[in-house]
Each structure stands twice: as structure tokens, then as C-alpha cells.
Amino acid sequence: MALLIAVEADSERTVVADTSALADQVDLRALYDAHWRYLVRLAALLVDDIASAEDVVQDAFVALHRRSAALRDPEAALAYLRASVLNLSRSVLRRRQVARKHLRVAEPEATAGADHDVLLRDEHRAALAAVRALPRHQREVLILRYWSGLSEREIAQTLHISPGSVKSAASRGLATLARVLRGDS
Amino acid sequence: MTDEELERTLAAAFDAQARAAVGDSARPPEPRFARMPARRARRAGRVLAPLLAAAAVVAVVVGLANFDPTTNGHDAAARPTSPGPHSTPSSATGRAVAPGKAVRIKLLNPDGAEYGVGMPVIAYFSRKITSGRELQRATTATVNGKPIPGAWYFEYSSYFKGYPIEGHWRPQTYWPAHASVQVDISAAGLSAGRGLAFADSVTSDFTTGPRNISMVDDMKHRMTVTTDGHIYGTFPVSLGGKATPTMRGIKVIMEKGQSICMSGPGYDECGVRYTQRLTYAGEYLHSAPWNVSNIVHGVDSSNGCTNLLPADARRLYRLLRVGDVVEYPNTSGPAMQAGAGYGDWDVPWSTWRAGGLVPTR
């Protein structure tokens with residue numbers, strides 16, 4: 001339970017105020033207000049459902065909050081958030097698979113944004129369905145490359161892979177999509 | 001389709017999906033990190049605040065829940081006049097220490113939290129204390145600086161290993177809304193019964209949010225939420241089915257989880273959204289996208305939980321906080337007990353004041 005804190009009798013005496021460190025830290029709240037929408041959208045593309053996407057972003061900020069002492073640079077903070085969103089989204093998808101395997105009740109699991117897709121045009125829906133079927137790696141690269149506005153180098157850093165791997169994953173992914181979409185139409 | 005067309009289609013599809021997920025006018029909810037008990041940061045804030053004010057600097061301070069401008073003024077005004085428990089003359093140093101084995105005290109309520117008006121102060125004791133009389137006398141609380149009377153009530157506890165007794169301290173009625181609460185438990189050195197002495201003095205400073213009271217009517221299958229006296233909304237619900245009826249009485253939100261796994265006889269589901277816990281046994285308010293039909297048609301079919309439509313669950317998840325009150329006046333399950341959750345308000349005040357497991361009078 002996250003709320004839990006043992007209030008030790010003597011803790012009030014040890015007033016730790018490393019004011020020098022605080023002064024040049026990044027403003028997490030400002031970062032949150034500025035990037036919340038972008039990050040939730042990124043997560044929504046990755047996990048296909050809004051509630052999970054919101055979760056992922058909250059968790060990413062909580063993780064940054066814990067580490068905030070180590071962060072001085074807003075750019076680095078944003079990179080950290082992006083990487084967290086990627087990692088946490090992978091966990092969501094993994095958990096969802098595990099949950100599906102163990103599901104005894106047939107009904108639940110509000111998965112893949114089928115309902116959100118209703119708002120989309122046919123060609124977009126087909127493209128998104130094809131992207132969903134790609135291997136995780138290619139899918140992530142395509143989302144980052146065609147939506148996030150990141151450079152190839154930044155994509156490589158976010159995914160902890162080489163720029164060459166970004167290129168090859170993207171071209172393999174595109175090739176599959178082209179085949180699927182042409183075949184379908 | 002050329003590669004270029006494909007790339008354009010892809011970009012447009014991602015963009016459309018992203019916008020469908022979060023509209024351009026969507027406002028971010030209160031971030032979860034702002035609610036986190038940042039104790040170190042808070043204390044730093046206490047030292048920093050006057051400095052900042054003096055320098056009239058708009059400082060960049062990370063994750064300080066207390067730096068919310070709406071509460072900061074309050075805090076800053078209250079702090080200097082409220083000495084910490086260890087600088088008061090009544091603290092352990094100036095007092096004759098009762099002989100006996102040491103009883104450690106842990107508090108659940110972190111400093112700086114914002115709670116609903118039904119939140120009790122919860123303490124865990126490291127030994128089976130046999131008297132709460134001195135503890136009762138040594139516990140004081142103020143609301144916006146004015147003293148408020150209250151009383152302890154004890155039960156056995158298995159929440160923390162090595163802390164067999166749990167005590168809840170509460171006023172006679174719910175806390176006032178939008179208030180700053182300071183609780184001072186100057187127990188160190190006092191007797192906890194024959195051969196037992198408290199080892200710790202602890203304090204908790206928290207604030208209360210709006211007066212959110214929800215009433216779940218099992219006749220109408222509706223949950224009506226009032227906030228500060230105004231009706232916020234009425235929401236259709238599906239409550240516990242015949243075999244697993246929902247408990248009756250006053251419950252308090254104990255914890256919140258955006259997405260959890262639930263399991264029980266015949267079900268085991270992960271990804272249950274917008275959950276707000278009401279009992280230890282596992283009654284929650286939560287989103288139940290698989291049960292929309294029963295929710296809409298007023299059919300009780302859950303395992304005791306209060307099933308809400310996804311959009312409603314999400315709204316209420318954002319509105320309500322830990323400590324908010326949810327009343328179930330007419331469900332068919334067993335009556336709430338103090339230990340079934342935060343069942344504090346189900347115990348009549350006259351009973352409460354006697355202390356329950358450990359006498360306080």
C-alpha cells in the first residue's frame with residue numbers, strides 16, 4: 001500500500017533540507033502539464049486502451065518523481081519519461097497476455113481499442129490493425145517514427161538500440177504493412 | 001500503394017488514433033505523484049518556504065505536494081506557530097518515563113496527505129497494550145488551529161508484522177471539509193498498561209478535501225454523490241448478487257488503484273479499472289465494462305463490489321479520494337464492523353469512546 005509511512009519518533013529532528021539540490025531540479029509539475037497529453041497519446045498508441053495509457057503515464061511520472069534528485073535537465077527528464085512509457089507499455093501488454101491465459105470468466109478484459117476505432121476512417125483502421133499484428137519491436141519503431149516526431153537518433157536512444165536497428169525494423173515493418181494492406185484492398 | 005503513400009497513411013492513422021484517445025481539449029488529471037507522501041521533500045519545503053517568500057522567487061521545486069498554491073498559504077501561516085512535538089515542554093524529555101517494555105507506534109497517515117472527511121487517524125502498536133487511558137489523554141488534535149475532541153478505538157491487527165494492535169482516533173462526526181488537521185500523539189514515556197510504556201511520540205499533519213458523501217441505494221440501484229452539499233451526480237450501479245451481497249453500513253475509501261487484479265470464487269481478472277477499495281475483504285467501487293447491461297438495468301450481479309459504467313467509474317475515480325465516505329443504507333449483506341474496513345463510523349460514539357479492545361476511560 002503506497003500510503004504507508006512509518007512516522008518515527010525522531011524523524012522530525014533530522015530536517016534534511018538540501019536546498020542547493022532542489023533549486024536547480026526540473027519542475028515536475030510543469031513537465032507534467034506540458035507533456036501529459038503527448039505521453040498519454042503515445043501510450044495509447046502502444047497499448048490500445050486509454051485507461052491503461054493513463055496508468056502508464058502516471059506510473060512514469062511517479063518513477064521520475066522518485067528519481068527526481070538525479071535529474072537536472074528537462075530534456076533528459078522528457079527522455080526518461082518517454083523511455084518509461086515504452087517500458088511500462090510493454091509491461092501492460094505482457095500482463096494482458098498473462099491475464100488472458102488465466103482468464104476463467106469469459107466476459108471481461110476491455111482490450112484492443114476496437115471501440116475507439118469506430119471513430120476512425122476505414123483505411124486508418126486497416127493500417128492500425130496491421131500495425132497491431134506486427135512484432136512488438138517493429139510496432140514501437142513505427143509508432144515512434146511516424147507519430148512521435150523524434151529523430152532517428154532519439155528513437156534509438158529511447159529504445160536502447162542502434163540507429164541502424166531503427167532503420168531496419170522500420171523498413172521490415174513497412175514492408176509487411178505494404179503487403180498486408182495491398183493484399184486486403 | 002507507394003511507400004510514400006503508406007507512410008502518409010500510417011502517420012495519419014496514428015494521429016487519428018492518438019486524438020481519439022485524448023482530445024485536444026483534454027485536461028490532465030491531478031498527477032498521482034502530487035499525492036505521494038514526499039516526506040523528505042515536505043520537510044525541505046518547510047525550511048525553504050520562508051526563504052522563497054523572502055526572496056520573492058518563483059522557485060522550481062520538484063514534486064512537493066505541499067507546494068500547491070491553494071494550501072501553501074495555509075501551511076506557511078500555520079507552521080511557524082506550531083512547534084514540532086519534540087520541542088514542546090510535554091515531550092518525552094521533560095516527563096517521568098513509565099517503566100516497562102517499549103511499545104512502538106507507527107502511524108498510517110503520512111504528513112501532507114489530503115483525505116476525505118471520513119478518514120480516521122490510524123496507529124499500529126508493537127505490543128498488546130492493555131490501557132489506552134494515558135494515550136487518550138496525550139492525544140490532541142486541531143482543525144485550522146482550533147482543538148477538536150476525539151477518541152481512540154482499538155482492535156486486533158494483522159496489517160504489519162509485529163504490530164498486533166491497531167488504534168483508530170476520530171472525532172465524533174466527520175472532519176470539517178477543506179481543513180488543515182494536526183494530530184499530536186505525545187505518548188513517549190506514558191504507560192500502555194502494566195509493564196508497558198509507549199516509546200514513541202508521533203504527529204500527523206494532513207488536510208481534508210471537499211465533503212464527498214456518496215449514498216448507494218440498492219432499491220433504486222443508484223449511487224448519488226454529493227460534494228460540499230451539492231449533488232455531483234447520480235450513477236447506475238450493479239451491487240452484490242444473492243450469493244455475495246454487498247455489506248450494509250458506512251464505508252470509507254481505503255485505497256485507490258487505476259488497474260488491479262481481482263480474484264475470488266469463480267473469477268480471476270486483471271486489468272480491473274478505476275478501483276477504490278472499501279473493505280479488507282475486497283469490496284470496491286470499480287469500472288465493470290463487462291457488466292454494462294446489469295448496471296443499466298439495475299440487476300445486482302457482482303461479487304459484492306459496486307460495479308459502475310466505465311465512464312462513471314473514471315469520473316468518480318478522479319473526484320473521490322481516500323477517506324471519502326460511501327454509505328450503503330439498504331444492501332442485504334452483513335452489517336459493517338469496525339474492522340471490516342474503515343468501519344469507524346458504524347460504531348456508535350458511546351461505544352467508540354470506551355475504546356473497544358483496550359479501555360480508554
# chains A, B, ... in the order shown; residues from 1 in each chain; ligands from 1
>>> residues_around(residues="Ser52 in chain A", least_positions_apart="4", cutoff="9 Å", atoms="only C-alpha atoms", output="list of chain:residue names")
A:Ala43, A:Ala44, A:Val47, A:Asp48, A:Val56, A:Val57, A:Ser89, A:Val92, B:Gln258, B:Ser259, B:Gly271, B:Arg273
>>> write_last_selection(atoms="C-alpha atoms", output="PDB file, in the first residue's frame")
ATOM      1  CA  ALA A  43       0.985   5.208 -24.531  1.00  0.00           C
ATOM      2  CA  ALA A  44      -2.473   4.868 -26.112  1.00  0.00           C
ATOM      3  CA  VAL A  47      -1.296  -0.258 -25.509  1.00  0.00           C
ATOM      4  CA  ASP A  48      -4.535   0.465 -27.386  1.00  0.00           C
ATOM      5  CA  VAL A  56       1.276   4.122 -17.707  1.00  0.00           C
ATOM      6  CA  VAL A  57       1.832   7.859 -17.781  1.00  0.00           C
ATOM      7  CA  SER A  89       3.521  -0.153 -22.002  1.00  0.00           C
ATOM      8  CA  VAL A  92       0.907  -3.721 -19.748  1.00  0.00           C
TER       9      VAL A  92
ATOM     10  CA  GLN B 258      -6.038   2.546 -11.505  1.00  0.00           C
ATOM     11  CA  SER B 259      -5.772  -1.063 -12.555  1.00  0.00           C
ATOM     12  CA  GLY B 271      -6.992  -5.022 -15.625  1.00  0.00           C
ATOM     13  CA  ARG B 273     -10.012  -0.256 -13.804  1.00  0.00           C
TER      14      ARG B 273
END
>>> residues_around(residues="range 137-144 of chain A", least_positions_apart="4", cutoff="7 Å", atoms="only C-alpha atoms", output="list of chain:residue names")
A:Val131, A:Ser148, A:Leu150, A:Ile155, A:Val166, A:Ala169, A:Ala170, A:Gly173
>>> select_by_dssp(residues="range 118-319 of chain B", states="strand (DSSP E)", output="JSON, numbers by chain")
{"B": [121, 122, 123, 124, 125, 139, 140, 141, 142, 143, 146, 147, 151, 152, 153, 154, 155, 156, 157, 158, 159, 160, 163, 164, 165, 166, 167, 168, 169, 170, 180, 181, 182, 183, 184, 185, 196, 197, 198, 202, 203, 204, 205, 206, 207, 208, 212, 213, 214, 215, 216, 217, 222, 223, 224, 225, 226, 227, 230, 231, 232, 233, 234, 235, 236, 237, 238, 249, 250, 251, 252, 255, 256, 257, 258, 259, 260, 261, 262, 263, 264, 267, 268, 269, 270, 271, 272, 273, 274, 275, 276, 277, 284, 285, 286, 287, 306, 307, 308]}
>>> atom_distance(atom1="CA of Tyr80 in chain A", atom2="CA of Arg145 in chain A")
17.8 Å
>>> closest_residue(among="A:Arg182, A:Arg94, A:Arg153, A:His160", to="chain B", atoms="only C-alpha atoms")
A:Arg182
>>> residues_around(residues="range 357-361 of chain B", least_positions_apart="4", cutoff="8 Å", atoms="only C-alpha atoms", output="PyMOL selection string")
chain B and resi 129-136+152-156+353
>>> atom_distance(atom1="CA of Val272 in chain B", atom2="CA of Tyr115 in chain B")
23.6 Å
>>> closest_residue(among="A:Lys167, A:Gln58, A:Arg66, A:Trp147", to="Val85 in chain A", atoms="only C-alpha atoms")
A:Gln58
>>> select_by_dssp(residues="range 140-358 of chain B", states="alpha helix (DSSP H)", output="number ranges by chain")
B: 292-296, 310-319, 349-354
>>> atom_distance(atom1="CA of Arg321 in chain B", atom2="CA of Ala141 in chain B")
21.7 Å
>>> residues_around(residues="Leu81 in chain A", least_positions_apart="3", cutoff="10 Å", atoms="only C-alpha atoms", output="list of chain:residue names")
A:Leu31, A:Tyr32, A:His35, A:Leu39, A:Val57, A:Asp59, A:Ala60, A:Phe61, A:Val62, A:Ala63, A:Leu64, A:Glu75, A:Ala76, A:Ala77, A:Leu78, A:Ser84, A:Val85, A:Leu86, A:Asn87, A:Thr158
>>> residues_around(residues="range 298-315 of chain B", least_positions_apart="3", cutoff="9 Å", atoms="only C-alpha atoms", output="MDAnalysis selection string")
(chainID A and resid 51) or (chainID B and resid 216 218:222 235:247 264:265 273:275 278 282:289 291:295 318:320 333)
>>> closest_residue(among="B:Tyr328, B:Trp345, B:Tyr317, B:Tyr174", to="chain A", atoms="only C-alpha atoms")
B:Tyr317
>>> residues_around(residues="Ala151 in chain B", least_positions_apart="5", cutoff="8 Å", atoms="only C-alpha atoms", output="ChimeraX atom specification")
/B:136,169-172,352-353,355
>>> write_last_selection(atoms="C-alpha atoms", output="PDB file, in the first residue's frame")
ATOM      1  CA  GLN B 136      -6.215   9.064  25.133  1.00  0.00           C
ATOM      2  CA  TRP B 169      -8.643   8.027  16.506  1.00  0.00           C
ATOM      3  CA  ARG B 170     -11.544  10.056  15.193  1.00  0.00           C
ATOM      4  CA  PRO B 171     -13.788  12.965  16.117  1.00  0.00           C
ATOM      5  CA  GLN B 172     -17.459  12.303  16.892  1.00  0.00           C
ATOM      6  CA  TRP B 352     -16.373   4.131  20.430  1.00  0.00           C
ATOM      7  CA  ARG B 353     -15.406   6.285  23.398  1.00  0.00           C
ATOM      8  CA  GLY B 355     -12.070   2.129  23.448  1.00  0.00           C
TER       9      GLY B 355
END
